[in-house]
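Asker: Sharing entry_36.cif (mmCIF, N, CA and C atoms) below.
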data_protein
#
loop_
_atom_site.label_atom_id
_atom_site.label_comp_id
_atom_site.auth_asym_id
_atom_site.auth_seq_id
_atom_site.Cartn_x
_atom_site.Cartn_y
_atom_site.Cartn_z
N MET A 1 80.23 111.60 68.95
CA MET A 1 78.99 110.84 69.09
C MET A 1 78.03 111.61 70.01
N ALA A 2 76.78 111.70 69.60
CA ALA A 2 75.77 112.40 70.39
C ALA A 2 75.54 111.64 71.70
N LEU A 3 75.12 112.35 72.72
CA LEU A 3 74.89 111.74 74.02
C LEU A 3 73.86 110.61 73.94
N PHE A 4 72.81 110.82 73.13
CA PHE A 4 71.77 109.80 72.99
C PHE A 4 72.37 108.49 72.46
N ASP A 5 73.19 108.61 71.43
CA ASP A 5 73.82 107.42 70.84
C ASP A 5 74.80 106.77 71.81
N GLN A 6 75.53 107.60 72.55
CA GLN A 6 76.49 107.10 73.53
C GLN A 6 75.76 106.29 74.61
N ILE A 7 74.64 106.80 75.09
CA ILE A 7 73.86 106.11 76.12
C ILE A 7 73.37 104.76 75.57
N SER A 8 72.88 104.76 74.33
CA SER A 8 72.39 103.52 73.72
C SER A 8 73.49 102.47 73.63
N GLU A 9 74.68 102.89 73.23
CA GLU A 9 75.82 101.96 73.14
C GLU A 9 76.20 101.42 74.52
N ASP A 10 76.20 102.31 75.51
CA ASP A 10 76.59 101.91 76.86
C ASP A 10 75.56 101.00 77.51
N ILE A 11 74.30 101.11 77.08
CA ILE A 11 73.28 100.19 77.59
C ILE A 11 73.62 98.78 77.12
N LYS A 12 73.99 98.66 75.86
CA LYS A 12 74.37 97.34 75.31
C LYS A 12 75.57 96.77 76.07
N LYS A 13 76.57 97.61 76.31
CA LYS A 13 77.76 97.16 77.03
C LYS A 13 77.43 96.74 78.45
N ALA A 14 76.55 97.51 79.12
CA ALA A 14 76.16 97.18 80.49
C ALA A 14 75.38 95.87 80.54
N MET A 15 74.58 95.61 79.50
CA MET A 15 73.83 94.34 79.43
C MET A 15 74.80 93.17 79.32
N LEU A 16 75.77 93.32 78.43
CA LEU A 16 76.73 92.25 78.23
C LEU A 16 77.58 92.00 79.48
N ALA A 17 77.92 93.08 80.17
CA ALA A 17 78.76 92.97 81.36
C ALA A 17 77.93 92.65 82.61
N ARG A 18 76.62 92.60 82.46
CA ARG A 18 75.70 92.32 83.56
C ARG A 18 75.87 93.32 84.73
N GLU A 19 76.03 94.60 84.38
CA GLU A 19 76.15 95.66 85.38
C GLU A 19 74.75 96.20 85.66
N LYS A 20 74.12 95.66 86.69
CA LYS A 20 72.71 95.95 86.96
C LYS A 20 72.45 97.43 87.25
N VAL A 21 73.24 98.03 88.13
CA VAL A 21 73.01 99.43 88.52
C VAL A 21 73.19 100.36 87.32
N LYS A 22 74.27 100.15 86.59
CA LYS A 22 74.56 100.98 85.42
C LYS A 22 73.44 100.84 84.39
N LEU A 23 73.02 99.61 84.15
CA LEU A 23 71.97 99.35 83.18
C LEU A 23 70.68 100.05 83.58
N GLU A 24 70.31 99.94 84.84
CA GLU A 24 69.09 100.57 85.34
C GLU A 24 69.15 102.09 85.17
N ALA A 25 70.27 102.68 85.54
CA ALA A 25 70.44 104.13 85.43
C ALA A 25 70.37 104.58 83.97
N LEU A 26 71.06 103.87 83.09
CA LEU A 26 71.10 104.26 81.68
C LEU A 26 69.74 104.06 81.00
N ARG A 27 69.02 103.05 81.41
CA ARG A 27 67.67 102.87 80.85
C ARG A 27 66.77 104.04 81.24
N GLY A 28 66.91 104.51 82.48
CA GLY A 28 66.16 105.68 82.93
C GLY A 28 66.52 106.91 82.12
N VAL A 29 67.82 107.06 81.84
CA VAL A 29 68.28 108.21 81.05
C VAL A 29 67.69 108.12 79.64
N LYS A 30 67.76 106.95 79.04
CA LYS A 30 67.26 106.80 77.67
C LYS A 30 65.75 107.09 77.62
N LYS A 31 65.03 106.66 78.63
CA LYS A 31 63.58 106.93 78.70
C LYS A 31 63.33 108.44 78.70
N GLU A 32 64.09 109.16 79.52
CA GLU A 32 63.93 110.62 79.58
C GLU A 32 64.29 111.27 78.24
N PHE A 33 65.36 110.77 77.61
CA PHE A 33 65.77 111.31 76.31
C PHE A 33 64.69 111.07 75.26
N LEU A 34 64.12 109.87 75.25
CA LEU A 34 63.07 109.56 74.28
C LEU A 34 61.84 110.43 74.50
N GLU A 35 61.50 110.66 75.76
CA GLU A 35 60.36 111.54 76.05
C GLU A 35 60.64 112.96 75.57
N ALA A 36 61.87 113.43 75.74
CA ALA A 36 62.23 114.77 75.28
C ALA A 36 62.21 114.85 73.75
N LYS A 37 62.65 113.77 73.10
CA LYS A 37 62.66 113.74 71.64
C LYS A 37 61.26 113.77 71.05
N THR A 38 60.33 113.14 71.74
CA THR A 38 58.97 113.05 71.21
C THR A 38 58.03 114.11 71.78
N ALA A 39 58.56 115.03 72.55
CA ALA A 39 57.75 116.11 73.10
C ALA A 39 57.25 116.99 71.96
N LYS A 40 56.21 117.79 72.21
CA LYS A 40 55.55 118.58 71.17
C LYS A 40 56.51 119.41 70.32
N ASN A 41 57.37 120.20 70.94
CA ASN A 41 58.21 121.15 70.20
C ASN A 41 59.58 120.60 69.81
N ALA A 42 59.85 119.33 70.07
CA ALA A 42 61.20 118.79 69.88
C ALA A 42 61.53 118.45 68.43
N GLU A 43 60.54 118.21 67.61
CA GLU A 43 60.75 117.87 66.20
C GLU A 43 61.63 116.64 66.01
N GLY A 44 61.57 115.71 66.94
CA GLY A 44 62.31 114.46 66.80
C GLY A 44 63.80 114.56 67.02
N GLU A 45 64.29 115.70 67.47
CA GLU A 45 65.72 115.90 67.70
C GLU A 45 65.98 116.16 69.18
N LEU A 46 67.18 115.79 69.61
CA LEU A 46 67.59 116.05 70.99
C LEU A 46 69.01 116.59 70.94
N SER A 47 69.16 117.89 71.22
CA SER A 47 70.49 118.48 71.21
C SER A 47 71.26 118.03 72.45
N ASP A 48 72.58 118.06 72.37
CA ASP A 48 73.39 117.68 73.52
C ASP A 48 73.15 118.65 74.68
N GLU A 49 72.86 119.90 74.37
CA GLU A 49 72.60 120.91 75.40
C GLU A 49 71.36 120.51 76.22
N THR A 50 70.31 120.10 75.52
CA THR A 50 69.09 119.65 76.19
C THR A 50 69.35 118.37 76.97
N ALA A 51 70.14 117.48 76.38
CA ALA A 51 70.47 116.21 77.04
C ALA A 51 71.21 116.46 78.35
N VAL A 52 72.13 117.42 78.36
CA VAL A 52 72.89 117.74 79.58
C VAL A 52 71.95 118.26 80.66
N LYS A 53 70.98 119.09 80.27
CA LYS A 53 70.01 119.61 81.25
C LYS A 53 69.21 118.46 81.86
N ILE A 54 68.82 117.50 81.02
CA ILE A 54 68.07 116.35 81.51
C ILE A 54 68.93 115.54 82.48
N LEU A 55 70.19 115.33 82.12
CA LEU A 55 71.10 114.57 82.99
C LEU A 55 71.28 115.26 84.34
N GLN A 56 71.45 116.58 84.30
CA GLN A 56 71.62 117.32 85.55
C GLN A 56 70.39 117.17 86.44
N LYS A 57 69.21 117.26 85.83
CA LYS A 57 67.97 117.13 86.57
C LYS A 57 67.88 115.74 87.21
N MET A 58 68.28 114.72 86.45
CA MET A 58 68.22 113.35 86.96
C MET A 58 69.19 113.13 88.12
N VAL A 59 70.39 113.69 88.02
CA VAL A 59 71.37 113.56 89.11
C VAL A 59 70.82 114.23 90.36
N LYS A 60 70.25 115.43 90.19
CA LYS A 60 69.69 116.16 91.34
C LYS A 60 68.57 115.35 91.98
N GLN A 61 67.70 114.75 91.17
CA GLN A 61 66.62 113.93 91.70
C GLN A 61 67.16 112.77 92.51
N ARG A 62 68.18 112.10 91.98
CA ARG A 62 68.76 110.95 92.69
C ARG A 62 69.36 111.37 94.03
N LYS A 63 70.08 112.49 94.02
CA LYS A 63 70.70 112.96 95.26
C LYS A 63 69.66 113.38 96.29
N ASP A 64 68.60 114.05 95.83
CA ASP A 64 67.52 114.44 96.74
C ASP A 64 66.85 113.21 97.34
N SER A 65 66.61 112.21 96.51
CA SER A 65 65.99 110.96 96.99
C SER A 65 66.89 110.28 98.01
N ALA A 66 68.18 110.26 97.74
CA ALA A 66 69.14 109.64 98.66
C ALA A 66 69.12 110.35 100.01
N ALA A 67 69.04 111.67 99.98
CA ALA A 67 69.00 112.44 101.23
C ALA A 67 67.74 112.10 102.03
N ILE A 68 66.61 111.96 101.34
CA ILE A 68 65.36 111.61 102.01
C ILE A 68 65.45 110.21 102.60
N PHE A 69 65.99 109.26 101.82
CA PHE A 69 66.12 107.89 102.31
C PHE A 69 67.04 107.85 103.54
N THR A 70 68.11 108.64 103.52
CA THR A 70 69.03 108.66 104.66
C THR A 70 68.32 109.20 105.90
N GLU A 71 67.54 110.27 105.72
CA GLU A 71 66.79 110.86 106.84
C GLU A 71 65.84 109.84 107.44
N GLN A 72 65.26 109.01 106.61
CA GLN A 72 64.26 108.05 107.07
C GLN A 72 64.87 106.73 107.52
N GLY A 73 66.20 106.68 107.59
CA GLY A 73 66.86 105.48 108.09
C GLY A 73 66.84 104.32 107.11
N ARG A 74 66.93 104.61 105.82
CA ARG A 74 66.94 103.57 104.79
C ARG A 74 68.23 103.68 103.96
N PRO A 75 69.39 103.42 104.57
CA PRO A 75 70.67 103.61 103.87
C PRO A 75 70.83 102.72 102.62
N GLU A 76 70.20 101.55 102.60
CA GLU A 76 70.34 100.66 101.44
C GLU A 76 69.68 101.28 100.20
N LEU A 77 68.56 101.98 100.39
CA LEU A 77 67.91 102.66 99.27
C LEU A 77 68.71 103.89 98.84
N ALA A 78 69.28 104.59 99.83
CA ALA A 78 70.09 105.77 99.53
C ALA A 78 71.32 105.38 98.72
N GLU A 79 71.94 104.25 99.06
CA GLU A 79 73.11 103.78 98.32
C GLU A 79 72.79 103.53 96.85
N GLY A 80 71.64 102.93 96.59
CA GLY A 80 71.21 102.67 95.22
C GLY A 80 71.04 103.95 94.42
N GLU A 81 70.40 104.94 95.05
CA GLU A 81 70.19 106.22 94.38
C GLU A 81 71.53 106.91 94.09
N LEU A 82 72.44 106.89 95.06
CA LEU A 82 73.75 107.53 94.87
C LEU A 82 74.57 106.81 93.81
N ALA A 83 74.43 105.49 93.73
CA ALA A 83 75.15 104.72 92.71
C ALA A 83 74.65 105.10 91.32
N GLU A 84 73.32 105.25 91.18
CA GLU A 84 72.76 105.66 89.89
C GLU A 84 73.20 107.09 89.55
N ALA A 85 73.22 107.96 90.55
CA ALA A 85 73.65 109.35 90.33
C ALA A 85 75.08 109.38 89.82
N ALA A 86 75.95 108.53 90.38
CA ALA A 86 77.35 108.49 89.96
C ALA A 86 77.47 108.04 88.50
N VAL A 87 76.65 107.07 88.10
CA VAL A 87 76.67 106.59 86.71
C VAL A 87 76.26 107.72 85.77
N ILE A 88 75.19 108.43 86.13
CA ILE A 88 74.68 109.51 85.28
C ILE A 88 75.68 110.67 85.22
N GLU A 89 76.31 110.99 86.36
CA GLU A 89 77.28 112.10 86.40
C GLU A 89 78.44 111.89 85.44
N ALA A 90 78.77 110.64 85.15
CA ALA A 90 79.88 110.35 84.26
C ALA A 90 79.64 110.92 82.85
N TYR A 91 78.40 111.19 82.50
CA TYR A 91 78.06 111.71 81.17
C TYR A 91 77.96 113.23 81.15
N LEU A 92 78.08 113.85 82.31
CA LEU A 92 78.01 115.31 82.38
C LEU A 92 79.39 115.92 82.12
N PRO A 93 79.40 117.15 81.59
CA PRO A 93 80.70 117.81 81.43
C PRO A 93 81.34 118.04 82.80
N LYS A 94 82.67 118.16 82.81
CA LYS A 94 83.40 118.36 84.06
C LYS A 94 82.91 119.64 84.73
N GLN A 95 82.64 119.53 86.03
CA GLN A 95 82.17 120.68 86.79
C GLN A 95 83.33 121.62 87.10
N MET A 96 83.02 122.92 87.17
CA MET A 96 84.05 123.91 87.45
C MET A 96 84.49 123.83 88.91
N SER A 97 85.77 124.12 89.15
CA SER A 97 86.26 124.18 90.52
C SER A 97 85.78 125.50 91.14
N ASP A 98 85.94 125.64 92.44
CA ASP A 98 85.50 126.85 93.14
C ASP A 98 86.21 128.08 92.60
N GLU A 99 87.52 127.96 92.35
CA GLU A 99 88.29 129.10 91.85
C GLU A 99 87.84 129.49 90.44
N GLU A 100 87.62 128.49 89.58
CA GLU A 100 87.17 128.77 88.21
C GLU A 100 85.80 129.43 88.22
N LEU A 101 84.92 128.96 89.11
CA LEU A 101 83.58 129.52 89.21
C LEU A 101 83.64 130.97 89.67
N THR A 102 84.46 131.24 90.68
CA THR A 102 84.61 132.61 91.18
C THR A 102 85.12 133.54 90.09
N ALA A 103 86.14 133.11 89.36
CA ALA A 103 86.71 133.92 88.28
C ALA A 103 85.66 134.18 87.19
N ALA A 104 84.92 133.16 86.81
CA ALA A 104 83.91 133.31 85.76
C ALA A 104 82.81 134.28 86.19
N ILE A 105 82.39 134.19 87.43
CA ILE A 105 81.32 135.06 87.92
C ILE A 105 81.82 136.50 88.06
N LYS A 106 83.07 136.69 88.50
CA LYS A 106 83.63 138.05 88.57
C LYS A 106 83.65 138.68 87.18
N GLU A 107 84.01 137.89 86.18
CA GLU A 107 84.03 138.35 84.80
C GLU A 107 82.63 138.75 84.35
N ILE A 108 81.63 137.95 84.68
CA ILE A 108 80.25 138.23 84.30
C ILE A 108 79.74 139.49 85.01
N ILE A 109 80.10 139.65 86.29
CA ILE A 109 79.69 140.84 87.04
C ILE A 109 80.27 142.10 86.37
N ALA A 110 81.54 142.04 85.96
CA ALA A 110 82.17 143.17 85.30
C ALA A 110 81.50 143.44 83.95
N GLU A 111 81.18 142.37 83.23
CA GLU A 111 80.55 142.48 81.91
C GLU A 111 79.17 143.15 82.02
N VAL A 112 78.40 142.75 83.04
CA VAL A 112 77.05 143.28 83.23
C VAL A 112 77.11 144.67 83.86
N GLY A 113 78.15 144.94 84.63
CA GLY A 113 78.30 146.23 85.30
C GLY A 113 77.53 146.29 86.61
N ALA A 114 77.29 145.15 87.23
CA ALA A 114 76.55 145.10 88.49
C ALA A 114 77.44 145.57 89.64
N THR A 115 76.83 146.33 90.56
CA THR A 115 77.59 146.85 91.69
C THR A 115 76.97 146.50 93.04
N SER A 116 75.69 146.13 93.06
CA SER A 116 75.04 145.83 94.34
C SER A 116 74.21 144.55 94.23
N ALA A 117 73.77 144.10 95.38
CA ALA A 117 72.96 142.87 95.45
C ALA A 117 71.62 143.04 94.75
N LYS A 118 71.20 144.29 94.54
CA LYS A 118 69.94 144.55 93.85
C LYS A 118 70.00 144.09 92.39
N GLU A 119 71.20 144.02 91.85
CA GLU A 119 71.37 143.65 90.44
C GLU A 119 71.69 142.16 90.26
N MET A 120 71.39 141.38 91.28
CA MET A 120 71.68 139.94 91.24
C MET A 120 70.94 139.25 90.09
N GLY A 121 69.73 139.69 89.81
CA GLY A 121 68.94 139.08 88.73
C GLY A 121 69.62 139.18 87.39
N LYS A 122 70.19 140.36 87.10
CA LYS A 122 70.90 140.56 85.83
C LYS A 122 72.06 139.58 85.72
N VAL A 123 72.85 139.51 86.78
CA VAL A 123 74.04 138.65 86.80
C VAL A 123 73.63 137.19 86.67
N MET A 124 72.61 136.78 87.42
CA MET A 124 72.16 135.38 87.39
C MET A 124 71.68 134.98 86.00
N GLY A 125 70.99 135.89 85.31
CA GLY A 125 70.50 135.59 83.97
C GLY A 125 71.63 135.23 83.04
N VAL A 126 72.68 136.03 83.05
CA VAL A 126 73.85 135.79 82.18
C VAL A 126 74.63 134.57 82.67
N ALA A 127 74.82 134.49 83.98
CA ALA A 127 75.64 133.41 84.55
C ALA A 127 75.04 132.04 84.30
N THR A 128 73.73 131.91 84.47
CA THR A 128 73.12 130.59 84.28
C THR A 128 73.22 130.14 82.82
N LYS A 129 73.15 131.09 81.90
CA LYS A 129 73.29 130.73 80.48
C LYS A 129 74.73 130.33 80.16
N LYS A 130 75.68 131.14 80.61
CA LYS A 130 77.09 130.89 80.28
C LYS A 130 77.66 129.66 80.98
N LEU A 131 77.20 129.41 82.19
CA LEU A 131 77.78 128.33 82.99
C LEU A 131 76.90 127.08 83.04
N ALA A 132 75.91 127.01 82.17
CA ALA A 132 75.00 125.85 82.14
C ALA A 132 75.81 124.58 81.90
N GLY A 133 75.58 123.60 82.77
CA GLY A 133 76.26 122.32 82.63
C GLY A 133 77.63 122.27 83.29
N LYS A 134 78.18 123.45 83.60
CA LYS A 134 79.51 123.48 84.20
C LYS A 134 79.47 123.67 85.71
N ALA A 135 78.32 124.17 86.22
CA ALA A 135 78.17 124.38 87.65
C ALA A 135 76.69 124.32 88.00
N GLU A 136 76.38 123.90 89.21
CA GLU A 136 75.00 123.83 89.67
C GLU A 136 74.45 125.23 89.89
N GLY A 137 73.17 125.40 89.61
CA GLY A 137 72.53 126.69 89.78
C GLY A 137 72.63 127.22 91.20
N ARG A 138 72.52 126.31 92.16
CA ARG A 138 72.60 126.71 93.58
C ARG A 138 73.98 127.29 93.89
N LEU A 139 75.03 126.66 93.38
CA LEU A 139 76.39 127.15 93.62
C LEU A 139 76.62 128.51 92.96
N ILE A 140 76.09 128.66 91.74
CA ILE A 140 76.22 129.93 91.03
C ILE A 140 75.54 131.03 91.84
N SER A 141 74.34 130.75 92.31
CA SER A 141 73.57 131.72 93.09
C SER A 141 74.30 132.14 94.36
N GLU A 142 74.84 131.16 95.09
CA GLU A 142 75.56 131.47 96.32
C GLU A 142 76.78 132.34 96.05
N LYS A 143 77.52 131.99 94.99
CA LYS A 143 78.74 132.72 94.65
C LYS A 143 78.40 134.15 94.23
N VAL A 144 77.34 134.34 93.43
CA VAL A 144 76.93 135.68 93.01
C VAL A 144 76.54 136.51 94.23
N LYS A 145 75.80 135.92 95.16
CA LYS A 145 75.40 136.63 96.39
C LYS A 145 76.62 137.12 97.16
N THR A 146 77.59 136.23 97.37
CA THR A 146 78.77 136.62 98.16
C THR A 146 79.59 137.68 97.45
N LEU A 147 79.70 137.58 96.13
CA LEU A 147 80.53 138.54 95.39
C LEU A 147 79.86 139.92 95.28
N LEU A 148 78.54 139.95 95.27
CA LEU A 148 77.83 141.23 95.18
C LEU A 148 77.59 141.86 96.56
N ALA A 149 77.75 141.11 97.62
CA ALA A 149 77.49 141.64 98.97
C ALA A 149 78.57 142.60 99.40
#
Reformat the file's structure so that it appears as structure tokens.
Answerer:
Amino acid sequence: MALFDQISEDIKKAMLAREKVKLEALRGVKKEFLEAKTAKNAEGELSDETAVKILQKMVKQRKDSAAIFTEQGRPELAEGELAEAAVIEAYLPKQMSDEELTAAIKEIIAEVGATSAKEMGKVMGVATKKLAGKAEGRLISEKVKTLLA
């Protein structure tokens, strides 16, 4: 089942179960998906790959908002954002562990033939494509820096 259809089904289930936080988060996801589907170049289709990118962006937004709310002494708002982030994360593919990420990046470095930190751009280009959805860009970047240093 496509992610879009899965989200639609889960919205119905959340309504029936009266799960307010889950319902709110999933409605936000569906809104983003619909906007992506109706965008100029989308042709009315939404691939799962695009959907995963949207989900990742939404989780990052929620976590950033929670951090800001925490800084400003508003823990009740931060809790809401983190709860929504957890609901959205459930639809993302399993994230790679630190060891798996290190192994994958070492493989990419060998494949590209990079030897110094000057070639980080080459490695990052390949790594972000291969590891999309499996690891955060920030983590990939940090790991590439340490391995090339």
Asker: Centre and edge lengths of an axis-aligned box around all listed atoms of stretch 1-12 of chain A, with 8 Å added on each side, are to be given in Å to one decimal, as JSON.
Answerer:
{"center_x": 76.0, "center_y": 104.6, "center_z": 73.3, "size_x": 24.5, "size_y": 31.6, "size_z": 24.6}
Asker: With only C-alpha atoms as the atoms that count, which of A:Glu84, A:Glu71, A:Ala103, A:Val52 lies nearest to A:Glu136?
Answerer: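 Nearest candidate to A:Glu136 out of A:Glu84, A:Glu71, A:Ala103, A:Val52: A:Val52.
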Asker: Excluding stretch 24-37 of chain A and residues on its chain fewer than 5 positions from it, collect all residues at most 10 Å away from it, counting only C-alpha atoms, and give them as a ChimeraX atom specification.
Answerer: /A:3-5,7-8,10-12,14-15,19,42-47,50-51,54-55,58,80-81,83-88
Asker: Using atom C of A:Lys20 and atom CA of A:Arg74 as the two end points, give the distance in Å to one decimal.
Answerer: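 We find that atom C of A:Lys20 and atom CA of A:Arg74 lie 19.4 Å from each other.
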Asker: Between atom C of A:Ala117 and atom CA of A:Asp64, what distance in Å does the model show, to one decimal?
Answerer: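 So the answer is 29.0 Å.
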Asker: Within 8 Å of A:Gln56, counting all atoms listed in the file, which residues qualify if same-chain residues fewer than 6 places away don't, as a ChimeraX atom specification?
Answerer: /A:50,62,88-89,91-92,133
Asker: Find the distance between atom N of A:Ser97 and atom C of A:Ile68 and write it in Å to one decimal.
Answerer: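 Calculated distance between atom N of A:Ser97 and atom C of A:Ile68 is 28.1 Å.
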Asker: Residues within 9 Å of A:Met124, please, as a list in words. Count only C-alpha atoms; anything in the same chain fewer than 4 positions from it doesn't count.
Answerer: Glu119, Met120, Thr128, Lys129, Ile140, Ser141 and Val144 of chain A
Asker: Counting only C-alpha atoms, which residue out of A:Ala114, A:Lys22, A:Lys94, A:Val126 sits closest to A:Leu147?
Answerer: A:Ala114
Asker: Could you give me, as a PyMOL selection string, each residue of stretch 52-134 of chain A that DSSP assigns to alpha helix (DSSP H) when run on this structure's backbone?
Answerer: chain A and resi 52-71+75-89+98-112+120-130
